[in-house]
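Below is work_10.tsv, holding TSV, C-alpha atoms.
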chain	number	residue	atom	x	y	z
A	1129	MET	CA	7.05	9.38	-23.07
A	1130	PRO	CA	3.57	10.03	-21.61
A	1131	VAL	CA	1.27	7.02	-21.63
A	1132	ASN	CA	-2.51	7.39	-21.65
A	1133	ARG	CA	-4.81	5.06	-19.72
A	1134	ASN	CA	-5.97	3.04	-22.74
A	1135	ALA	CA	-2.40	2.42	-23.87
A	1136	LEU	CA	-1.43	1.31	-20.37
A	1137	ILE	CA	-4.34	-1.15	-20.32
A	1138	ARG	CA	-3.18	-2.54	-23.67
A	1139	TYR	CA	0.45	-2.89	-22.49
A	1140	ARG	CA	-0.63	-4.74	-19.35
A	1141	THR	CA	-2.99	-6.97	-21.33
A	1142	ILE	CA	-0.31	-7.87	-23.87
A	1143	ASP	CA	2.10	-8.52	-20.99
A	1144	LYS	CA	-0.35	-10.89	-19.32
A	1145	CYS	CA	-0.94	-12.72	-22.61
A	1146	LEU	CA	2.75	-13.16	-23.37
A	1147	GLN	CA	3.39	-14.48	-19.86
A	1148	ASN	CA	0.84	-17.23	-20.52
A	1149	ARG	CA	3.01	-19.76	-22.36
A	1150	ARG	CA	0.33	-22.45	-22.35
A	1151	ARG	CA	-1.19	-20.72	-25.34
A	1152	LYS	CA	0.20	-19.43	-28.64
A	1153	TRP	CA	-0.66	-15.77	-29.30
A	1154	THR	CA	-1.20	-14.41	-32.79
A	1155	ILE	CA	-1.56	-10.67	-33.32
A	1156	GLU	CA	-5.30	-11.24	-33.83
A	1157	ASP	CA	-5.47	-12.93	-30.41
A	1158	LEU	CA	-3.72	-9.93	-28.83
A	1159	ILE	CA	-6.18	-7.56	-30.52
A	1160	ASP	CA	-9.14	-9.54	-29.14
A	1161	ALA	CA	-7.62	-9.62	-25.65
A	1162	CYS	CA	-7.04	-5.85	-25.66
A	1163	ASN	CA	-10.57	-5.16	-26.92
A	1164	ASP	CA	-11.98	-7.32	-24.12
A	1165	ALA	CA	-9.77	-5.63	-21.50
A	1166	LEU	CA	-10.79	-2.13	-22.58
A	1167	TYR	CA	-14.44	-3.12	-22.41
A	1168	GLU	CA	-13.94	-4.63	-18.95
A	1169	TYR	CA	-12.02	-1.67	-17.52
A	1170	GLU	CA	-13.52	1.25	-19.44
A	1171	GLY	CA	-16.96	-0.08	-20.34
A	1172	VAL	CA	-16.60	0.84	-24.00
A	1173	HIS	CA	-16.54	-1.31	-27.13
A	1174	THR	CA	-13.40	-0.72	-29.17
A	1175	ASN	CA	-12.07	-1.95	-32.47
A	1176	ILE	CA	-8.31	-1.75	-32.05
A	1177	SER	CA	-6.40	-1.82	-35.30
A	1178	MET	CA	-3.55	-4.19	-36.09
A	1179	ARG	CA	-1.32	-1.14	-36.58
A	1180	THR	CA	-2.00	0.01	-33.00
A	1181	ILE	CA	-1.00	-3.36	-31.53
A	1182	ARG	CA	2.13	-3.48	-33.68
A	1183	LEU	CA	3.08	-0.02	-32.41
A	1184	ASP	CA	2.38	-1.20	-28.85
A	1185	LEU	CA	4.67	-4.19	-29.32
A	1186	ASN	CA	7.43	-1.99	-30.71
A	1187	ALA	CA	7.02	0.48	-27.85
A	1188	MET	CA	7.26	-2.34	-25.30
A	1189	ARG	CA	10.40	-3.66	-27.01
A	1190	SER	CA	12.07	-0.24	-26.97
A	1191	ASP	CA	13.59	1.82	-24.17
A	1192	SER	CA	11.07	4.63	-24.60
A	1193	LEU	CA	8.84	3.16	-21.87
A	1194	GLY	CA	11.70	1.64	-19.92
A	1195	TYR	CA	10.42	-1.90	-20.60
A	1196	ASN	CA	12.93	-3.29	-23.13
A	1197	ALA	CA	10.58	-6.27	-23.36
A	1198	PRO	CA	12.17	-9.38	-24.98
A	1199	ILE	CA	9.26	-9.97	-27.37
A	1200	ILE	CA	9.95	-12.49	-30.13
A	1201	VAL	CA	7.88	-14.04	-32.92
A	1202	ASN	CA	7.93	-17.81	-33.41
A	1203	ASN	CA	7.19	-19.29	-36.81
A	1204	LYS	CA	6.59	-15.71	-38.06
A	1205	LYS	CA	3.20	-15.85	-36.35
A	1206	PHE	CA	3.16	-16.45	-32.59
A	1207	TYR	CA	4.25	-13.77	-30.11
A	1208	THR	CA	5.88	-14.60	-26.78
A	1209	TYR	CA	8.60	-13.50	-24.35
A	1210	GLU	CA	12.06	-14.93	-24.99
A	1211	ASP	CA	12.57	-14.84	-21.22
A	1212	ALA	CA	9.83	-16.90	-19.57
A	1213	GLU	CA	10.23	-14.97	-16.31
A	1214	TYR	CA	9.90	-11.51	-17.86
A	1215	SER	CA	7.05	-9.12	-17.09
A	1216	ILE	CA	6.75	-5.37	-17.52
A	1217	ALA	CA	5.57	-5.31	-13.90
A	1218	ASN	CA	9.15	-6.19	-12.90
A	1219	SER	CA	10.72	-3.37	-14.92
A	1220	PRO	CA	12.56	-0.62	-13.01
A	1221	LEU	CA	10.78	2.69	-12.65
A	1222	THR	CA	11.63	5.39	-15.18
A	1223	THR	CA	12.54	8.97	-14.27
A	1224	GLN	CA	9.03	10.00	-15.29
A	1225	ASP	CA	7.52	7.29	-13.07
A	1226	LEU	CA	9.61	8.44	-10.11
A	1227	GLY	CA	8.57	12.04	-10.69
A	1228	ILE	CA	4.89	11.10	-10.66
A	1229	LEU	CA	5.36	8.97	-7.53
A	1230	GLN	CA	7.08	11.87	-5.76
A	1231	GLU	CA	4.18	14.19	-6.63
A	1232	VAL	CA	1.68	11.64	-5.32
A	1233	SER	CA	3.77	11.10	-2.19
A	1234	HIS	CA	3.92	14.84	-1.47
A	1235	LEU	CA	0.17	15.12	-1.93
A	1236	LEU	CA	-0.64	12.16	0.33
A	1237	ARG	CA	1.81	13.32	3.00
A	1238	GLN	CA	-0.43	16.35	3.61
A	1239	PHE	CA	-3.11	14.02	4.96
A	1240	LYS	CA	-0.87	12.21	7.45
A	1241	GLY	CA	-1.99	12.81	10.99
A	1242	PHE	CA	-5.68	13.26	10.20
A	1243	SER	CA	-7.79	10.60	11.93
A	1244	HIS	CA	-9.91	10.08	8.81
A	1245	PHE	CA	-6.79	9.24	6.78
A	1246	ASN	CA	-4.95	6.82	9.06
A	1247	GLU	CA	-4.52	4.38	6.17
A	1248	VAL	CA	-2.62	7.03	4.19
A	1249	SER	CA	0.40	6.90	6.48
A	1250	GLU	CA	1.35	3.35	5.48
A	1251	MET	CA	0.71	4.14	1.82
A	1252	VAL	CA	3.02	7.15	1.99
A	1253	ASN	CA	5.71	5.10	3.74
A	1254	LYS	CA	5.54	2.46	1.02
A	1255	LEU	CA	5.75	5.08	-1.74
A	1256	GLU	CA	8.66	6.93	-0.17
A	1257	ASP	CA	10.55	3.70	0.45
A	1258	LYS	CA	10.05	2.64	-3.18
A	1259	ILE	CA	11.21	6.04	-4.45
A	1260	TYR	CA	14.29	5.96	-2.22
A	1261	SER	CA	15.32	2.46	-3.25
A	1262	GLU	CA	14.88	3.24	-6.97
A	1263	GLN	CA	16.71	6.58	-6.84
A	1264	HIS	CA	19.66	5.25	-4.84
A	1265	GLN	CA	19.68	1.76	-6.40
A	1266	GLN	CA	19.62	0.31	-2.90
A	1267	ALA	CA	17.52	-2.28	-1.18
A	1268	SER	CA	14.35	-1.06	0.54
A	1269	VAL	CA	14.82	0.09	4.11
A	1270	ILE	CA	11.24	-0.86	5.04
A	1271	ASP	CA	10.10	-4.47	4.69
A	1272	PHE	CA	6.30	-4.58	4.62
A	1273	GLU	CA	4.43	-7.82	5.20
A	1274	LYS	CA	3.70	-9.61	1.94
A	1275	ASN	CA	2.94	-13.02	0.54
A	1276	ASP	CA	4.48	-13.63	-2.88
A	1277	LEU	CA	2.67	-16.97	-3.18
A	1278	LEU	CA	-0.76	-15.46	-2.55
A	1279	THR	CA	-3.41	-16.93	-4.86
A	1280	GLY	CA	-6.79	-15.49	-5.78
A	1281	ILE	CA	-5.43	-11.94	-5.99
A	1282	GLU	CA	-6.50	-11.81	-9.65
A	1283	TRP	CA	-10.15	-11.59	-8.51
A	1284	LEU	CA	-9.65	-8.39	-6.49
A	1285	ASP	CA	-10.28	-5.90	-9.28
A	1286	ILE	CA	-13.31	-7.79	-10.61
A	1287	LEU	CA	-14.87	-8.02	-7.15
A	1288	TYR	CA	-14.10	-4.39	-6.32
A	1289	LYS	CA	-15.88	-3.19	-9.46
A	1290	ALA	CA	-18.82	-5.53	-8.81
A	1291	ILE	CA	-19.25	-4.03	-5.33
A	1292	VAL	CA	-19.04	-0.44	-6.60
A	1293	ASN	CA	-21.39	-1.10	-9.51
A	1294	LYS	CA	-23.72	-3.37	-7.49
A	1295	THR	CA	-23.34	-6.25	-9.92
A	1296	THR	CA	-24.69	-9.72	-9.18
A	1297	LEU	CA	-22.10	-12.46	-9.72
A	1298	LEU	CA	-21.99	-16.15	-10.47
A	1299	ILE	CA	-19.08	-17.48	-8.42
A	1300	THR	CA	-17.64	-20.96	-8.84
A	1301	TYR	CA	-16.38	-21.78	-5.36
A	1302	GLN	CA	-14.87	-24.81	-3.64
A	1303	SER	CA	-14.15	-24.64	0.08
A	1304	PHE	CA	-11.43	-26.77	1.64
A	1305	LYS	CA	-14.14	-29.08	2.99
A	1306	ALA	CA	-16.10	-29.48	-0.26
A	1307	ARG	CA	-15.42	-32.40	-2.59
A	1308	GLN	CA	-16.27	-30.38	-5.67
A	1309	ALA	CA	-16.90	-26.77	-6.70
A	1310	ALA	CA	-20.38	-25.23	-6.76
A	1311	ASP	CA	-21.87	-22.34	-8.75
A	1312	ILE	CA	-23.39	-19.69	-6.48
A	1313	ILE	CA	-25.40	-16.57	-7.34
A	1314	PHE	CA	-23.79	-13.98	-5.08
A	1315	TYR	CA	-24.29	-10.34	-4.10
A	1316	PRO	CA	-20.87	-8.88	-3.13
A	1317	TYR	CA	-20.68	-6.18	-0.43
A	1318	LEU	CA	-17.19	-5.93	1.04
A	1319	LEU	CA	-13.58	-6.98	0.43
A	1320	LYS	CA	-11.61	-7.80	3.57
A	1321	GLU	CA	-7.93	-8.57	4.11
A	1322	TYR	CA	-6.87	-10.61	7.13
A	1323	ARG	CA	-3.35	-11.86	7.71
A	1324	ASN	CA	-2.36	-11.33	4.09
A	1325	ARG	CA	-5.34	-13.31	2.80
A	1326	TRP	CA	-8.30	-11.75	0.98
A	1327	PHE	CA	-12.00	-12.46	1.53
A	1328	ILE	CA	-15.25	-11.30	-0.05
A	1329	LEU	CA	-18.36	-10.81	2.09
A	1330	GLY	CA	-21.83	-10.90	0.64
A	1331	MET	CA	-25.07	-12.85	0.44
A	1332	LYS	CA	-26.25	-15.80	-1.62
A	1333	LYS	CA	-29.34	-15.47	-3.76
A	1334	GLN	CA	-32.38	-16.21	-1.58
A	1335	GLY	CA	-30.08	-16.14	1.45
A	1336	LYS	CA	-30.49	-14.13	4.64
A	1337	GLU	CA	-27.09	-14.10	6.32
A	1338	ILE	CA	-23.74	-12.62	5.36
A	1339	ILE	CA	-21.29	-15.27	4.17
A	1340	THR	CA	-17.54	-15.06	3.63
A	1341	PHE	CA	-15.61	-16.53	0.70
A	1342	ALA	CA	-11.81	-16.76	0.53
A	1343	LEU	CA	-10.54	-15.45	-2.80
A	1344	ASP	CA	-8.03	-18.28	-3.08
A	1345	ARG	CA	-10.90	-20.80	-3.23
A	1346	ILE	CA	-12.68	-19.04	-6.11
A	1347	GLN	CA	-12.33	-20.80	-9.46
A	1348	ASN	CA	-14.33	-18.46	-11.68
A	1349	ILE	CA	-16.44	-15.30	-11.59
A	1350	THR	CA	-19.03	-14.25	-14.17
A	1351	ALA	CA	-21.15	-11.09	-14.06
A	1352	GLN	CA	-24.90	-11.73	-14.06
A	1353	ASP	CA	-26.16	-8.46	-15.52
A	1354	LYS	CA	-29.74	-9.70	-15.84
A	1355	GLU	CA	-29.90	-10.75	-12.18
A	1356	LEU	CA	-31.25	-8.06	-9.85
A	1357	PHE	CA	-28.70	-7.03	-7.20
A	1358	VAL	CA	-30.05	-7.39	-3.65
A	1359	GLN	CA	-28.64	-5.37	-0.76
A	1360	HIS	CA	-28.59	-6.87	2.74
A	1361	LYS	CA	-30.60	-4.41	4.83
A	1362	LYS	CA	-28.78	-5.02	8.12
A	1363	PHE	CA	-25.19	-5.34	6.95
A	1364	GLU	CA	-22.97	-2.56	8.34
A	1365	PRO	CA	-19.40	-2.91	7.03
A	1366	HIS	CA	-17.98	-0.45	9.56
A	1367	THR	CA	-19.25	-2.39	12.58
A	1368	TYR	CA	-19.47	-5.97	11.27
A	1369	PHE	CA	-16.01	-6.93	12.57
A	1370	ASP	CA	-16.21	-5.06	15.90
A	1371	ASN	CA	-17.03	-8.16	17.96
A	1372	ILE	CA	-14.84	-10.76	16.27
A	1373	ILE	CA	-11.22	-11.67	15.67
A	1374	GLY	CA	-10.58	-12.37	11.99
A	1375	VAL	CA	-13.39	-12.68	9.43
A	1376	THR	CA	-15.70	-15.48	10.62
A	1377	ARG	CA	-18.88	-14.38	12.38
A	1378	ASN	CA	-21.84	-16.41	13.59
A	1379	TYR	CA	-24.98	-14.28	13.57
A	1380	ALA	CA	-26.67	-16.51	16.16
A	1381	GLU	CA	-24.10	-15.71	18.85
A	1382	GLU	CA	-23.49	-12.70	21.05
A	1383	PRO	CA	-20.12	-11.45	22.32
A	1384	THR	CA	-18.70	-13.52	25.18
A	1385	THR	CA	-16.37	-12.16	27.84
A	1386	ILE	CA	-13.28	-14.36	27.90
A	1387	LEU	CA	-10.93	-14.15	30.87
A	1388	PHE	CA	-7.37	-15.38	30.46
A	1389	TRP	CA	-4.04	-15.35	32.25
A	1390	ALA	CA	-0.86	-14.34	30.44
A	1391	SER	CA	2.58	-15.10	31.82
A	1392	ALA	CA	4.93	-12.32	32.86
A	1393	HIS	CA	6.93	-13.00	29.70
A	1394	HIS	CA	3.96	-12.75	27.31
A	1395	ALA	CA	1.92	-10.05	29.07
A	1396	PRO	CA	4.01	-7.09	27.79
A	1397	TYR	CA	3.46	-8.20	24.17
A	1398	ILE	CA	-0.28	-8.54	24.72
A	1399	LYS	CA	-0.44	-5.13	26.41
A	1400	THR	CA	1.31	-3.39	23.53
A	1401	LYS	CA	-0.50	-5.34	20.80
A	1402	PRO	CA	-3.99	-6.21	22.10
A	1403	ILE	CA	-5.60	-9.41	20.87
A	1404	HIS	CA	-8.85	-7.47	20.33
A	1405	ALA	CA	-10.03	-3.86	20.66
A	1406	SER	CA	-12.16	-4.83	23.68
A	1407	GLN	CA	-9.14	-6.10	25.61
A	1408	LYS	CA	-8.85	-4.94	29.23
A	1409	ILE	CA	-6.39	-5.56	32.03
A	1410	VAL	CA	-8.39	-7.15	34.85
A	1411	GLU	CA	-5.60	-7.42	37.43
A	1412	GLU	CA	-1.91	-8.00	37.88
A	1413	VAL	CA	-1.29	-11.33	39.57
A	1414	LYS	CA	1.72	-13.31	40.69
A	1415	GLY	CA	3.62	-14.50	37.64
A	1416	GLY	CA	1.50	-12.66	35.09
A	1417	THR	CA	-1.60	-10.64	34.22
A	1418	HIS	CA	-5.32	-11.35	33.90
A	1419	PHE	CA	-6.87	-9.96	30.71
A	1420	SER	CA	-10.39	-10.01	29.30
A	1421	ILE	CA	-11.78	-9.67	25.79
A	1422	ALA	CA	-15.43	-9.55	24.67
A	1423	VAL	CA	-15.79	-11.34	21.32
A	1424	ILE	CA	-17.98	-13.76	19.42
A	1425	PRO	CA	-16.03	-17.07	19.60
A	1426	ASN	CA	-14.77	-18.34	16.25
A	1427	PHE	CA	-11.96	-20.32	14.66
A	1428	GLU	CA	-9.64	-17.32	14.40
A	1429	MET	CA	-10.05	-16.52	18.11
A	1430	GLU	CA	-9.10	-20.07	19.10
A	1431	ARG	CA	-6.10	-20.03	16.78
A	1432	GLU	CA	-4.95	-16.68	18.19
A	1433	LEU	CA	-5.15	-17.82	21.80
A	1434	ILE	CA	-3.61	-21.25	21.18
A	1435	GLY	CA	-0.83	-19.53	19.26
A	1436	PHE	CA	0.61	-18.16	22.51
A	1437	GLY	CA	1.25	-21.71	23.64
A	1438	GLU	CA	2.18	-22.03	27.30
A	1439	GLY	CA	2.07	-18.24	27.66
A	1440	ILE	CA	-1.73	-18.07	27.97
A	1441	LYS	CA	-4.31	-19.98	30.01
A	1442	ILE	CA	-8.06	-19.51	29.47
A	1443	LEU	CA	-9.86	-19.07	32.79
A	1444	SER	CA	-13.50	-18.63	31.71
A	1445	PRO	CA	-16.14	-19.28	30.44
A	1446	ASN	CA	-16.16	-23.04	30.91
A	1447	ASN	CA	-17.27	-23.94	27.38
A	1448	ILE	CA	-14.30	-22.06	25.88
A	1449	VAL	CA	-11.95	-23.63	28.44
A	1450	ARG	CA	-13.18	-27.12	27.45
A	1451	GLN	CA	-12.82	-26.34	23.75
A	1452	ILE	CA	-9.24	-25.07	24.11
A	1453	LYS	CA	-8.30	-28.00	26.40
A	1454	ARG	CA	-9.58	-30.44	23.81
A	1455	LYS	CA	-7.50	-28.85	21.05
A	1456	VAL	CA	-4.41	-28.65	23.26
A	1457	ARG	CA	-4.82	-32.35	24.04
A	1458	LEU	CA	-5.04	-33.16	20.33
A	1459	ILE	CA	-1.91	-31.10	19.72
A	1460	SER	CA	-0.11	-32.98	22.49
A	1461	GLU	CA	-1.13	-36.33	21.00
A	1462	LEU	CA	0.50	-35.40	17.72
A	1463	TYR	CA	3.88	-35.34	19.46
A	1464	GLN	CA	3.45	-38.58	21.39
A	1465	GLU	CA	5.29	-41.53	19.94
How does this structure look as structure tokens?
Amino acid sequence: MPVNRNALIRYRTIDKCLQNRRRKWTIEDLIDACNDALYEYEGVHTNISMRTIRLDLNAMRSDSLGYNAPIIVNNKKFYTYEDAEYSIANSPLTTQDLGILQEVSHLLRQFKGFSHFNEVSEMVNKLEDKIYSEQHQQASVIDFEKNDLLTGIEWLDILYKAIVNKTTLLITYQSFKARQAADIIFYPYLLKEYRNRWFILGMKKQGKEIITFALDRIQNITAQDKELFVQHKKFEPHTYFDNIIGVTRNYAEEPTTILFWASAHHAPYIKTKPIHASQKIVEEVKGGTHFSIAVIPNFEMERELIGFGEGIKILSPNNIVRQIKRKVRLISELYQE
């Protein structure tokens, strides 16, 4: 049964509502939620009829879409899922879904190997693995990195559209260091994923430097349509991360050449998976290898280097050596009785 885009938006909206058991949902509430969702995603005002939502609910309950959703009505008024863990997102793919995925996979596979489409290779692998596991009713044979407990992911779509449409936002944000949340007028420029955690880069109103917010620390986002969107004139997304490890960058600093020794045991891992794109082998020495990287020092760099434990020793510059020694000493003190 073919499903158009508007119907799919309604199904997903109803699904999200019925998963929220902290609220009781009447059919009028579901109509309002679907109208709001269609305006958010399609930019059009709609007036969905009660008949349409009733048909949607029946379609979700049936096998025609492959959902078989356990939708029940309490007190002849409030809609919910009988199974609190149910979601249409967890439903198995239908034959039609698999057919569409195979067509998409075949199309994307044509771009594999082109330097401009390096990201496509992983996407194709994920699609083909999903198709295989569904068709053969077997577990996936590729296990991609994921974080099922990731929070803040619900802001991705809103932020993506704000970047594309150049929309100024009011973000309620509380960092780990802050005692309470603050409302910030924000111009979003770029979404960035690092180690399975998402970040948004942009500029505060009346600010000058690029700042980074973690999506899992965002409490609320509201579009500020009457606020003029301001573009940072010097921000270059394609080069912004060239001189750093991770996402934190200090504009006041320049790249520093860091020389370090890696043990014979750790060196092969560092050679095959460089710590940074600037990494070079300086010389092979007794018991290991000397490497160098040229980066702007930040928290992520320190965490990366310390993470190798006894396998790495920083040799220069002195200020980085002192900083790492101090943190290693603090680590050692944690284990002293």
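The space separating CA of Gln1147 in chain A from CA of Glu1210 in chain A comes to 10.1 Å.
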| field | For CA of Gln1407 in chain A and CA of Glu1381 in chain A, the interatomic separation in Å (one decimal) | value | 19.0 Å
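Distance-wise, CA of Glu1438 in chain A and CA of Tyr1322 in chain A end up 24.9 Å apart.
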| said: as a list in words, please: the residues near Ala1309 in chain A (cut-off 12 Å, only C-alpha atoms, same-chain neighbours under 3 positions excluded). | reply: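 The contact residues come out as Ile1299, Thr1300, Tyr1301, Gln1302, Ser1303, Phe1304, Lys1305, Ala1306, Ile1312, Arg1345, Ile1346, Gln1347 and Asn1348 of chain A.
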| With distances taken over all atoms listed in the file, which of A:Pro1425, A:Gly1330, A:Gly1439, A:Pro1198 is nearest to Ser1215 in chain A? |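 Closest residue, counting all atoms listed in the file: A:Pro1198.
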Between range 1274-1346 of chain A and range 1166-1177 of chain A, at 12 Å or less, what are the per-residue closest atom pairs and their distances in Å? Count all atoms listed in the file, order by chain and rising residue number, and return it as CSV.
residue,atom,partner,partner_atom,distance
A:Asp1285,CA,A:Tyr1169,CA,9.4
A:Ile1286,CA,A:Glu1168,CA,8.9
A:Tyr1288,CA,A:Tyr1169,CA,11.7
A:Lys1289,CA,A:Tyr1169,CA,9.1
A:Ala1290,CA,A:Glu1168,CA,11.3
A:Asn1293,CA,A:Gly1171,CA,11.7
| Shortest interatomic distance to Thr1376 in chain A - which of A:Phe1427, A:Tyr1397, A:Phe1388, A:Phe1363, counting only C-alpha atoms |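 So, comparing all the options, the nearest one is A:Phe1427.
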Step by step, gather every atom of range 1146-1165 of chain A that the file lists, find the box along x, y and z that holds them, add 3 Å on each side, and finally give centre and edge lengths in Å to one decimal, as AutoDock Vina command-line options.
--center_x -4.3 --center_y -13.8 --center_z -26.8 --size_x 21.4 --size_y 23.3 --size_z 20.0
Some atoms are missing, so please complete range 1390-1405 of chain A with N, CA and C atoms and return it as a PDB file, in the coordinates of the input.
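File written: result08.pdb
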ATOM      1  N   ALA A1390      -2.040 -14.372  31.291  1.00  0.00           N
ATOM      2  CA  ALA A1390      -0.860 -14.340  30.440  1.00  0.00           C
ATOM      3  C   ALA A1390       0.368 -14.273  31.332  1.00  0.00           C
ATOM      4  N   SER A1391       1.364 -15.045  31.009  1.00  0.00           N
ATOM      5  CA  SER A1391       2.580 -15.100  31.820  1.00  0.00           C
ATOM      6  C   SER A1391       3.289 -13.747  31.812  1.00  0.00           C
ATOM      7  N   ALA A1392       4.182 -13.571  32.760  1.00  0.00           N
ATOM      8  CA  ALA A1392       4.930 -12.320  32.860  1.00  0.00           C
ATOM      9  C   ALA A1392       5.755 -12.067  31.595  1.00  0.00           C
ATOM     10  N   HIS A1393       6.148 -13.149  30.925  1.00  0.00           N
ATOM     11  CA  HIS A1393       6.930 -13.000  29.700  1.00  0.00           C
ATOM     12  C   HIS A1393       6.055 -12.536  28.532  1.00  0.00           C
ATOM     13  N   HIS A1394       4.835 -13.073  28.425  1.00  0.00           N
ATOM     14  CA  HIS A1394       3.960 -12.750  27.310  1.00  0.00           C
ATOM     15  C   HIS A1394       3.113 -11.503  27.528  1.00  0.00           C
ATOM     16  N   ALA A1395       2.825 -11.169  28.766  1.00  0.00           N
ATOM     17  CA  ALA A1395       1.920 -10.050  29.070  1.00  0.00           C
ATOM     18  C   ALA A1395       2.339  -8.735  28.409  1.00  0.00           C
ATOM     19  N   PRO A1396       3.628  -8.370  28.422  1.00  0.00           N
ATOM     20  CA  PRO A1396       4.010  -7.090  27.790  1.00  0.00           C
ATOM     21  C   PRO A1396       3.655  -7.041  26.294  1.00  0.00           C
ATOM     22  N   TYR A1397       3.797  -8.168  25.596  1.00  0.00           N
ATOM     23  CA  TYR A1397       3.460  -8.200  24.170  1.00  0.00           C
ATOM     24  C   TYR A1397       1.962  -8.019  23.964  1.00  0.00           C
ATOM     25  N   ILE A1398       1.176  -8.638  24.833  1.00  0.00           N
ATOM     26  CA  ILE A1398      -0.280  -8.540  24.720  1.00  0.00           C
ATOM     27  C   ILE A1398      -0.767  -7.144  25.096  1.00  0.00           C
ATOM     28  N   LYS A1399      -0.074  -6.505  26.033  1.00  0.00           N
ATOM     29  CA  LYS A1399      -0.440  -5.130  26.410  1.00  0.00           C
ATOM     30  C   LYS A1399      -0.189  -4.163  25.262  1.00  0.00           C
ATOM     31  N   THR A1400       0.946  -4.326  24.591  1.00  0.00           N
ATOM     32  CA  THR A1400       1.310  -3.390  23.530  1.00  0.00           C
ATOM     33  C   THR A1400       0.635  -3.698  22.198  1.00  0.00           C
ATOM     34  N   LYS A1401       0.239  -4.966  22.008  1.00  0.00           N
ATOM     35  CA  LYS A1401      -0.500  -5.340  20.800  1.00  0.00           C
ATOM     36  C   LYS A1401      -1.709  -6.177  21.228  1.00  0.00           C
ATOM     37  N   PRO A1402      -2.806  -5.504  21.592  1.00  0.00           N
ATOM     38  CA  PRO A1402      -3.990  -6.210  22.100  1.00  0.00           C
ATOM     39  C   PRO A1402      -4.510  -7.258  21.121  1.00  0.00           C
ATOM     40  N   ILE A1403      -5.024  -8.341  21.682  1.00  0.00           N
ATOM     41  CA  ILE A1403      -5.600  -9.410  20.870  1.00  0.00           C
ATOM     42  C   ILE A1403      -6.882  -8.924  20.185  1.00  0.00           C
ATOM     43  N   HIS A1404      -7.611  -8.029  20.866  1.00  0.00           N
ATOM     44  CA  HIS A1404      -8.850  -7.470  20.330  1.00  0.00           C
ATOM     45  C   HIS A1404      -9.048  -6.075  20.912  1.00  0.00           C
ATOM     46  N   ALA A1405      -9.816  -5.246  20.211  1.00  0.00           N
ATOM     47  CA  ALA A1405     -10.030  -3.860  20.660  1.00  0.00           C
ATOM     48  C   ALA A1405     -10.713  -3.780  22.018  1.00  0.00           C
TER      49      ALA A1405
END
